[in-house]
$ cat upload34.cif   # mmCIF, C-alpha atoms
data_model
#
loop_
_atom_site.label_atom_id
_atom_site.label_comp_id
_atom_site.auth_asym_id
_atom_site.auth_seq_id
_atom_site.Cartn_x
_atom_site.Cartn_y
_atom_site.Cartn_z
CA MET A 1 0.00 0.00 0.00
CA THR A 2 1.47 3.31 -1.07
CA GLY A 3 1.68 6.31 1.24
CA THR A 4 -0.06 9.63 0.81
CA PRO A 5 1.51 11.54 -2.11
CA ARG A 6 3.41 14.73 -1.29
CA TYR A 7 3.55 17.83 -3.50
CA PRO A 8 6.54 19.99 -2.52
CA THR A 9 6.44 23.77 -2.96
CA SER A 10 8.37 26.76 -1.69
CA LEU A 11 5.60 29.17 -2.65
CA GLY A 12 2.17 29.40 -1.03
CA ALA A 13 0.45 27.14 1.47
CA SER A 14 -2.64 27.48 3.66
CA THR A 15 -4.12 26.14 6.86
CA PRO A 16 -7.54 27.01 8.29
CA ASP A 17 -5.93 29.92 10.17
CA THR A 18 -2.82 30.97 8.22
CA ILE A 19 -1.46 31.68 4.74
CA THR A 20 2.25 31.42 4.14
CA LEU A 21 4.14 32.55 1.07
CA LEU A 22 7.83 31.93 0.54
CA GLY A 23 7.98 30.75 4.13
CA GLN A 24 6.63 34.08 5.38
CA ASP A 25 3.35 34.80 7.11
CA LEU A 26 1.44 36.52 4.32
CA ALA A 27 -0.75 38.71 6.54
CA ALA A 28 1.81 39.59 9.20
CA SER A 29 5.09 39.78 7.24
CA LEU A 30 4.29 40.60 3.63
CA MET A 31 1.08 42.59 3.24
CA GLY A 32 1.79 46.30 3.43
CA LYS A 33 5.53 45.62 3.71
CA VAL A 34 6.51 44.11 0.36
CA GLY A 35 5.75 45.72 -2.98
CA PHE A 36 4.25 43.73 -5.84
CA GLY A 37 7.36 44.03 -8.02
CA GLU A 38 9.58 42.83 -5.19
CA LEU A 39 7.23 39.93 -4.53
CA ALA A 40 7.12 38.90 -8.21
CA LEU A 41 10.91 38.82 -8.39
CA TRP A 42 11.12 36.97 -5.07
CA LEU A 43 8.59 34.34 -6.23
CA VAL A 44 10.60 33.56 -9.35
CA THR A 45 14.12 33.58 -7.92
CA GLN A 46 13.24 32.18 -4.47
CA ARG A 47 15.61 34.81 -3.05
CA ARG A 48 14.56 38.13 -1.60
CA PRO A 49 15.89 40.78 -4.02
CA SER A 50 17.97 43.74 -2.99
CA PRO A 51 16.56 47.27 -3.27
CA ALA A 52 18.80 47.81 -6.32
CA GLN A 53 17.43 44.72 -8.04
CA VAL A 54 13.87 45.77 -7.25
CA ARG A 55 14.45 49.23 -8.73
CA VAL A 56 15.78 47.84 -12.02
CA PHE A 57 13.06 45.20 -12.17
CA GLU A 58 10.26 47.67 -11.55
CA ALA A 59 11.76 50.06 -14.12
CA VAL A 60 11.43 47.22 -16.64
CA LEU A 61 7.80 46.63 -15.65
CA VAL A 62 7.02 50.32 -16.11
CA ALA A 63 8.80 50.39 -19.48
CA LEU A 64 6.74 47.48 -20.80
CA ALA A 65 3.32 48.28 -19.32
CA ASP A 66 1.84 50.19 -22.26
CA HIS A 67 2.82 51.43 -25.70
CA GLY A 68 -0.41 52.92 -26.99
CA PHE A 69 -2.84 51.32 -29.43
CA THR A 70 -0.75 48.25 -30.17
CA PRO A 71 -2.41 45.09 -31.51
CA THR A 72 -2.44 43.71 -27.96
CA ALA A 73 -4.39 46.74 -26.70
CA MET A 74 -6.80 46.67 -29.63
CA ALA A 75 -7.38 42.93 -29.22
CA ALA A 76 -8.28 43.48 -25.57
CA ARG A 77 -10.60 46.39 -26.34
CA LEU A 78 -12.36 44.64 -29.22
CA THR A 79 -12.83 41.47 -27.18
CA TYR A 80 -14.28 43.57 -24.36
CA LEU A 81 -16.63 45.17 -26.88
CA SER A 82 -17.85 41.72 -27.90
CA ALA A 83 -18.00 40.28 -24.38
CA PRO A 84 -18.14 43.01 -21.73
CA ASP A 85 -19.12 40.34 -19.21
CA SER A 86 -15.70 38.69 -19.62
CA VAL A 87 -12.86 40.88 -18.40
CA GLN A 88 -10.68 37.78 -18.20
CA GLY A 89 -11.36 37.09 -21.88
CA ALA A 90 -10.37 40.62 -22.87
CA LEU A 91 -7.16 40.40 -20.84
CA ALA A 92 -6.37 36.98 -22.27
CA ALA A 93 -6.95 38.21 -25.82
CA GLY A 94 -4.44 41.00 -25.31
CA LEU A 95 -1.86 38.78 -23.62
CA LEU A 96 -2.10 36.10 -26.30
CA GLY A 97 -0.90 38.69 -28.80
CA GLY A 98 2.45 38.90 -27.02
CA GLY A 99 4.52 37.10 -29.63
CA SER A 100 7.56 37.47 -31.83
CA ARG A 101 6.59 40.94 -33.08
CA PHE A 102 5.11 42.49 -29.94
CA LEU A 103 6.53 41.86 -26.45
CA GLY A 104 8.37 38.69 -27.48
CA VAL A 105 11.48 40.74 -28.32
CA THR A 106 12.17 40.93 -24.58
CA GLU A 107 12.67 37.18 -24.49
CA ASP A 108 14.30 36.97 -27.93
CA ALA A 109 16.91 39.60 -27.06
CA GLY A 110 17.69 37.91 -23.75
CA ARG A 111 18.15 34.56 -25.49
CA PHE A 112 20.33 36.04 -28.23
CA LEU A 113 22.57 37.81 -25.75
CA SER A 114 22.83 34.79 -23.45
CA GLU A 115 23.85 32.56 -26.36
CA ALA A 116 26.44 35.08 -27.52
CA LEU A 117 27.89 35.32 -24.02
CA ALA A 118 28.01 31.53 -23.73
CA SER A 119 30.13 31.43 -26.89
CA ALA A 120 32.79 33.71 -25.40
CA GLU A 121 35.87 32.05 -23.94
CA THR A 122 36.36 34.92 -21.48
CA MET A 123 34.35 37.98 -20.59
CA PRO A 124 35.62 41.18 -22.25
CA ALA A 125 37.50 43.63 -20.07
CA ASP A 126 36.77 46.83 -22.00
CA ASP A 127 34.57 48.35 -24.70
CA ALA A 128 36.87 47.08 -27.43
CA GLY A 129 36.40 43.54 -26.19
CA TRP A 130 32.62 43.94 -26.00
CA ASP A 131 32.60 45.38 -29.51
CA ALA A 132 34.53 42.39 -30.83
CA LEU A 133 32.13 39.94 -29.20
CA ALA A 134 29.15 41.91 -30.50
CA LEU A 135 30.59 42.06 -34.01
CA ALA A 136 31.04 38.30 -34.05
CA ALA A 137 27.47 37.73 -32.86
CA VAL A 138 25.96 40.11 -35.41
CA THR A 139 28.09 38.65 -38.20
CA ARG A 140 26.96 35.10 -37.35
CA ALA A 141 23.33 36.18 -37.33
CA ARG A 142 23.75 37.95 -40.64
CA ALA A 143 25.33 34.88 -42.21
CA ALA A 144 22.40 32.78 -40.95
CA ARG A 145 19.95 35.36 -42.40
CA GLN A 146 18.55 36.11 -38.96
CA LEU A 147 17.36 39.43 -37.62
CA ILE A 148 19.05 40.79 -34.50
CA PRO A 149 16.45 40.83 -31.69
CA GLY A 150 16.10 44.27 -30.19
CA LEU A 151 17.37 46.27 -33.15
CA GLY A 152 14.89 48.66 -34.73
CA HIS A 153 11.52 50.12 -33.84
CA PRO A 154 8.59 51.14 -36.08
CA ILE A 155 8.03 54.42 -34.21
CA HIS A 156 11.30 55.36 -32.50
CA LYS A 157 13.59 55.58 -35.52
CA VAL A 158 16.58 57.25 -33.84
CA THR A 159 16.39 56.52 -30.11
CA ASP A 160 13.92 54.56 -28.04
CA PRO A 161 13.66 56.80 -24.95
CA ARG A 162 13.34 53.79 -22.67
CA THR A 163 16.81 52.52 -23.55
CA PRO A 164 19.02 55.33 -22.16
CA ALA A 165 16.77 55.64 -19.12
CA LEU A 166 17.04 51.96 -18.24
CA LEU A 167 20.78 51.91 -18.89
CA ALA A 168 21.23 54.86 -16.54
CA ILE A 169 19.19 53.18 -13.80
CA ALA A 170 21.17 49.95 -14.14
CA GLU A 171 24.43 51.92 -13.99
CA GLU A 172 23.31 53.82 -10.88
CA GLU A 173 22.45 50.54 -9.16
CA ARG A 174 25.66 48.83 -10.33
CA LEU A 175 23.63 46.26 -12.24
CA ARG A 176 24.82 47.08 -15.75
CA GLY A 177 25.99 43.54 -16.36
CA PRO A 178 27.28 41.55 -19.34
CA HIS A 179 23.95 41.32 -21.18
CA LEU A 180 23.43 45.08 -21.15
CA ARG A 181 27.06 45.73 -22.05
CA LEU A 182 26.86 43.34 -24.98
CA PHE A 183 23.57 44.89 -26.13
CA GLU A 184 25.14 48.35 -26.02
CA ALA A 185 28.06 47.03 -28.07
CA ILE A 186 25.64 45.62 -30.64
CA GLY A 187 24.23 49.12 -30.92
CA ARG A 188 27.72 50.42 -31.70
CA VAL A 189 28.90 47.81 -34.20
CA HIS A 190 25.86 46.62 -36.13
CA PRO A 191 26.12 49.34 -38.84
CA GLN A 192 29.39 47.73 -39.95
CA VAL A 193 27.52 44.53 -40.81
CA LEU A 194 24.01 45.70 -41.68
CA GLY A 195 25.01 48.85 -43.52
CA ARG A 196 22.46 50.96 -41.64
CA THR A 197 21.96 52.27 -38.13
CA LEU A 198 19.01 51.09 -36.06
CA PRO A 199 18.02 52.11 -32.52
CA LEU A 200 18.24 49.74 -29.58
CA ASN A 201 14.65 48.74 -28.89
CA GLY A 202 13.51 49.47 -25.34
CA ALA A 203 11.92 46.04 -24.98
CA GLY A 204 15.21 44.43 -26.02
CA THR A 205 17.00 46.55 -23.42
CA CYS A 206 14.49 45.27 -20.88
CA GLY A 207 15.37 41.70 -21.86
CA ALA A 208 19.05 42.42 -21.32
CA ALA A 209 18.37 44.05 -17.93
CA LEU A 210 16.23 41.10 -16.79
CA ALA A 211 18.93 38.66 -17.88
CA ASP A 212 21.48 40.65 -15.87
CA LEU A 213 19.23 40.12 -12.84
CA GLY A 214 19.84 36.40 -13.29
CA LEU A 215 16.41 35.56 -14.68
CA PRO A 216 16.27 32.64 -17.13
CA PRO A 217 15.79 33.62 -20.79
CA ASP A 218 12.82 31.28 -21.26
CA LEU A 219 10.84 33.21 -18.61
CA LEU A 220 11.58 36.73 -19.85
CA ARG A 221 8.45 36.99 -21.99
CA GLY A 222 6.44 36.19 -18.89
CA PHE A 223 7.70 39.36 -17.23
CA ALA A 224 6.76 41.37 -20.31
CA LEU A 225 3.27 39.88 -20.08
CA LEU A 226 3.13 40.64 -16.36
CA ALA A 227 3.89 44.29 -17.13
CA ARG A 228 1.47 44.41 -20.05
CA THR A 229 -1.35 43.05 -17.87
CA ALA A 230 -1.30 46.34 -15.98
CA GLY A 231 -1.36 48.22 -19.25
CA LEU A 232 -4.27 46.17 -20.55
CA LEU A 233 -6.23 46.83 -17.37
CA GLY A 234 -5.66 50.50 -18.03
CA GLN A 235 -6.83 50.07 -21.62
CA LEU A 236 -10.03 48.33 -20.49
CA ALA A 237 -10.72 50.95 -17.83
CA GLU A 238 -10.31 53.67 -20.44
CA GLU A 239 -12.53 51.72 -22.84
CA LYS A 240 -15.27 51.94 -20.22
CA ARG A 241 -14.75 55.70 -19.80
CA ARG A 242 -14.03 56.66 -23.43
CA PRO A 243 -14.89 53.75 -25.73
CA VAL A 244 -13.17 53.49 -29.10
CA ALA A 245 -13.56 49.79 -29.91
CA MET A 246 -16.91 50.32 -31.63
CA ASP A 247 -15.37 53.06 -33.77
CA ILE A 248 -12.50 50.75 -34.72
CA TYR A 249 -14.95 48.01 -35.65
CA ARG A 250 -17.20 50.33 -37.66
CA SER A 251 -14.25 51.94 -39.44
CA VAL A 252 -13.04 48.57 -40.66
CA GLU A 253 -16.49 47.15 -41.40
CA HIS A 254 -17.76 50.26 -43.25
CA ASN A 255 -14.60 50.53 -45.33
CA THR A 256 -14.38 46.94 -46.43
CA ASP A 257 -13.06 46.76 -50.00
CA TYR A 258 -14.19 43.52 -51.58
CA ARG A 259 -11.76 41.99 -54.05
CA PRO A 260 -12.40 38.91 -56.20
CA PRO A 261 -10.52 35.88 -54.90
CA VAL A 262 -7.11 35.30 -56.44
CA PRO A 263 -6.22 31.58 -56.61
CA THR A 264 -2.92 30.83 -54.99
CA ARG A 265 -0.39 28.62 -56.73
CA GLY A 266 1.56 26.31 -54.47
CA ASP A 267 4.90 27.54 -55.77
CA THR A 268 4.09 31.13 -54.73
CA VAL A 269 3.21 30.38 -51.11
CA PRO A 270 6.24 31.14 -48.91
CA SER A 271 7.37 28.33 -46.69
CA ARG A 272 6.73 28.73 -42.97
CA GLY A 273 10.43 28.14 -42.48
CA THR A 274 11.60 30.78 -44.95
CA PRO A 275 14.20 32.89 -43.17
CA PRO A 276 13.59 36.65 -43.07
CA ASP A 277 15.53 38.85 -45.41
CA PRO A 278 18.16 40.64 -43.32
CA ASP A 279 18.10 43.46 -45.86
CA GLY A 280 14.34 43.86 -45.55
CA PRO A 281 12.47 46.09 -43.12
CA GLU A 282 12.69 45.38 -39.45
CA PRO A 283 9.58 43.71 -38.05
CA PRO A 284 7.60 45.90 -35.63
CA GLU A 285 8.87 45.43 -32.10
CA PRO A 286 7.35 48.25 -30.07
CA ALA A 287 6.60 46.01 -27.07
#

$ encode --input "upload34.cif" --output "structure tokens"
Amino acid sequence: MTGTPRYPTSLGASTPDTITLLGQDLAASLMGKVGFGELALWLVTQRRPSPAQVRVFEAVLVALADHGFTPTAMAARLTYLSAPDSVQGALAAGLLGGGSRFLGVTEDAGRFLSEALASAETMPADDAGWDALALAAVTRARAARQLIPGLGHPIHKVTDPRTPALLAIAEEERLRGPHLRLFEAIGRVHPQVLGRTLPLNGAGTCGAALADLGLPPDLLRGFALLARTAGLLGQLAEEKRRPVAMDIYRSVEHNTDYRPPVPTRGDTVPSRGTPPDPDGPEPPEPA
């Protein structure tokens, strides 16, 4: 006869009289004493973060919370228009749009930088060393016909204002680590390979900053979605006060331009695995 199964956790647990979280009494030790950003970081790392780490982390959350009428915001608003009784559906619709073109760049940049750092035999000691490592990474990506995650933005063509602000905060808190340094170097050297100058995307900078906090690359998109949840709540609250979703729907529906179907030949359909053209336009990554 087998014993009662056990399900280990270091997160939350309850009894009839108490709630514990991370080994702390939730009501007595955490509520009113720990901020939400600090708690989120603590839950993931299982270590209580320092004030410096919390400041950088919360700066990232603020940077990623909202970027205007992005597809994620419009998806949330339009879903709320269709089902105002389902706030969770509207939030989910917006969050599900966090992919390779919107919000996903946070994860993609973190992965790219982590892989480039793993390829280095030793960590660079100066800007020249970081530039050499960055040049090698960009050159490899170019040869593989891959885009560089975090380069370019459809709106901020010269400078994404989030990037210098986050770099300054990380420097002030002495958390400007190898991922941020490599990302900065990519910003310096990529014109040599791409033949054009692109801004460092703020969401990519956020990915580098999160990676420098020791967070695993495969969770970085989750933090972008955590931040965007707050933004989507703001979008839905504004939709209640000043609705625009119906106008968006009517604008599209009333301006439909019917075109006769054009049969598609199999040899003209691009393969799902076709690599992007590195000389083509950057995909939108406003995050």

$ residues_around --input "upload34.cif" --residues "stretch 69-82 of chain A" --least-positions-apart "6" --cutoff "10 Å" --atoms "only C-alpha atoms" --output "ChimeraX atom specification"
/A:88-99,102-103,228,231-240,243-246,248-249,286-287

$ closest_residue --input "upload34.cif" --among "A:Thr20, A:Val60, A:Ala141, A:Phe223" --to "A:Ala40" --atoms "only C-alpha atoms"
A:Phe223

$ atom_distance --input "upload34.cif" --atom1 "atom CA of A:Ala144" --atom2 "atom CA of A:His179"
21.6 Å

$ resolve_selection --input "upload34.cif" --expression "the PyMOL selection byres ((chain A and resi 165) around 12)" --output "list of chain:residue names"
A:Val56, A:Ala59, A:Val60, A:Val62, A:Ala63, A:Thr159, A:Asp160, A:Pro161, A:Arg162, A:Thr163, A:Pro164, A:Leu166, A:Leu167, A:Ala168, A:Ile169, A:Ala170, A:Glu171, A:Glu172, A:Gly202, A:Thr205, A:Cys206, A:Ala209

$ residues_near_point --input "upload34.cif" --point "(25.1, 43.1, -36.5)" --cutoff "12 Å" --atoms "all atoms listed in the file" --output "number ranges by chain"
A: 112, 131-152, 182-198, 200, 278-279

$ residues_near_point --input "upload34.cif" --point "(9.2, 33.2, -3.8)" --cutoff "10 Å" --atoms "only C-alpha atoms" --output "NGL selection string"
:A and (9-12 or 21-24 or 38-48)

$ closest_residue --input "upload34.cif" --among "A:Gly204, A:Gly104, A:Pro178, A:Pro8" --to "A:Met123" --atoms "all atoms listed in the file"
A:Pro178

$ atom_distance --input "upload34.cif" --atom1 "atom CA of A:Ala116" --atom2 "atom CA of A:Pro49"
26.4 Å

$ atom_distance --input "upload34.cif" --atom1 "atom CA of A:Pro217" --atom2 "atom CA of A:Arg111"
5.3 Å

$ residues_around --input "upload34.cif" --residues "A:Leu210" --least-positions-apart "6" --cutoff "8 Å" --atoms "all atoms listed in the file" --output "PDB file with C-alpha atoms, keeping the file's coordinate frame"
ATOM      1  CA  PHE A  57      13.060  45.200 -12.170  1.00  0.00           C
ATOM      2  CA  VAL A  60      11.430  47.220 -16.640  1.00  0.00           C
ATOM      3  CA  GLY A 110      17.690  37.910 -23.750  1.00  0.00           C
ATOM      4  CA  LEU A 220      11.580  36.730 -19.850  1.00  0.00           C
TER       5      LEU A 220
END

$ closest_residue --input "upload34.cif" --among "A:Ser251, A:Gln53, A:Ser100, A:Thr229" --to "A:Asp212" --atoms "all atoms listed in the file"
A:Gln53

$ closest_residue --input "upload34.cif" --among "A:Arg265, A:Thr106, A:Glu253, A:Asp17" --to "A:Leu225" --atoms "only C-alpha atoms"
A:Thr106

$ closest_residue --input "upload34.cif" --among "A:Gly3, A:Pro124, A:Pro51, A:Gly214" --to "A:Glu173" --atoms "only C-alpha atoms"
A:Pro51

$ build_atoms --input "upload34.cif" --residues "stretch 35-49 of chain A" --atoms "N, CA and C atoms" --output "short mmCIF file (atom, residue, chain, number, x, y, z; two decimals), in the coordinates of the input"
data_model
loop_
_atom_site.label_atom_id
_atom_site.label_comp_id
_atom_site.auth_asym_id
_atom_site.auth_seq_id
_atom_site.Cartn_x
_atom_site.Cartn_y
_atom_site.Cartn_z
N GLY A 35 6.40 45.26 -1.77
CA GLY A 35 5.75 45.72 -2.98
C GLY A 35 5.52 44.58 -3.96
N PHE A 36 4.60 44.79 -4.90
CA PHE A 36 4.25 43.73 -5.84
C PHE A 36 5.43 43.34 -6.73
N GLY A 37 6.21 44.34 -7.19
CA GLY A 37 7.36 44.03 -8.02
C GLY A 37 8.39 43.21 -7.26
N GLU A 38 8.65 43.59 -6.02
CA GLU A 38 9.58 42.83 -5.19
C GLU A 38 9.09 41.40 -5.00
N LEU A 39 7.78 41.26 -4.75
CA LEU A 39 7.23 39.93 -4.53
C LEU A 39 7.34 39.08 -5.79
N ALA A 40 7.04 39.66 -6.95
CA ALA A 40 7.12 38.90 -8.21
C ALA A 40 8.54 38.38 -8.43
N LEU A 41 9.52 39.23 -8.20
CA LEU A 41 10.91 38.82 -8.39
C LEU A 41 11.30 37.76 -7.36
N TRP A 42 10.85 37.92 -6.15
CA TRP A 42 11.12 36.97 -5.07
C TRP A 42 10.49 35.61 -5.38
N LEU A 43 9.27 35.60 -5.89
CA LEU A 43 8.59 34.34 -6.23
C LEU A 43 9.37 33.55 -7.27
N VAL A 44 9.91 34.25 -8.26
CA VAL A 44 10.60 33.56 -9.35
C VAL A 44 11.98 33.07 -8.93
N THR A 45 12.73 33.92 -8.24
CA THR A 45 14.12 33.58 -7.92
C THR A 45 14.25 32.78 -6.62
N GLN A 46 13.21 32.82 -5.78
CA GLN A 46 13.24 32.18 -4.47
C GLN A 46 14.27 32.82 -3.53
N ARG A 47 14.71 34.03 -3.91
CA ARG A 47 15.61 34.81 -3.05
C ARG A 47 15.04 36.23 -2.94
N ARG A 48 15.07 36.77 -1.75
CA ARG A 48 14.56 38.13 -1.60
C ARG A 48 15.51 39.09 -2.31
N PRO A 49 15.01 39.89 -3.25
CA PRO A 49 15.89 40.78 -4.02
C PRO A 49 16.34 41.97 -3.20
#
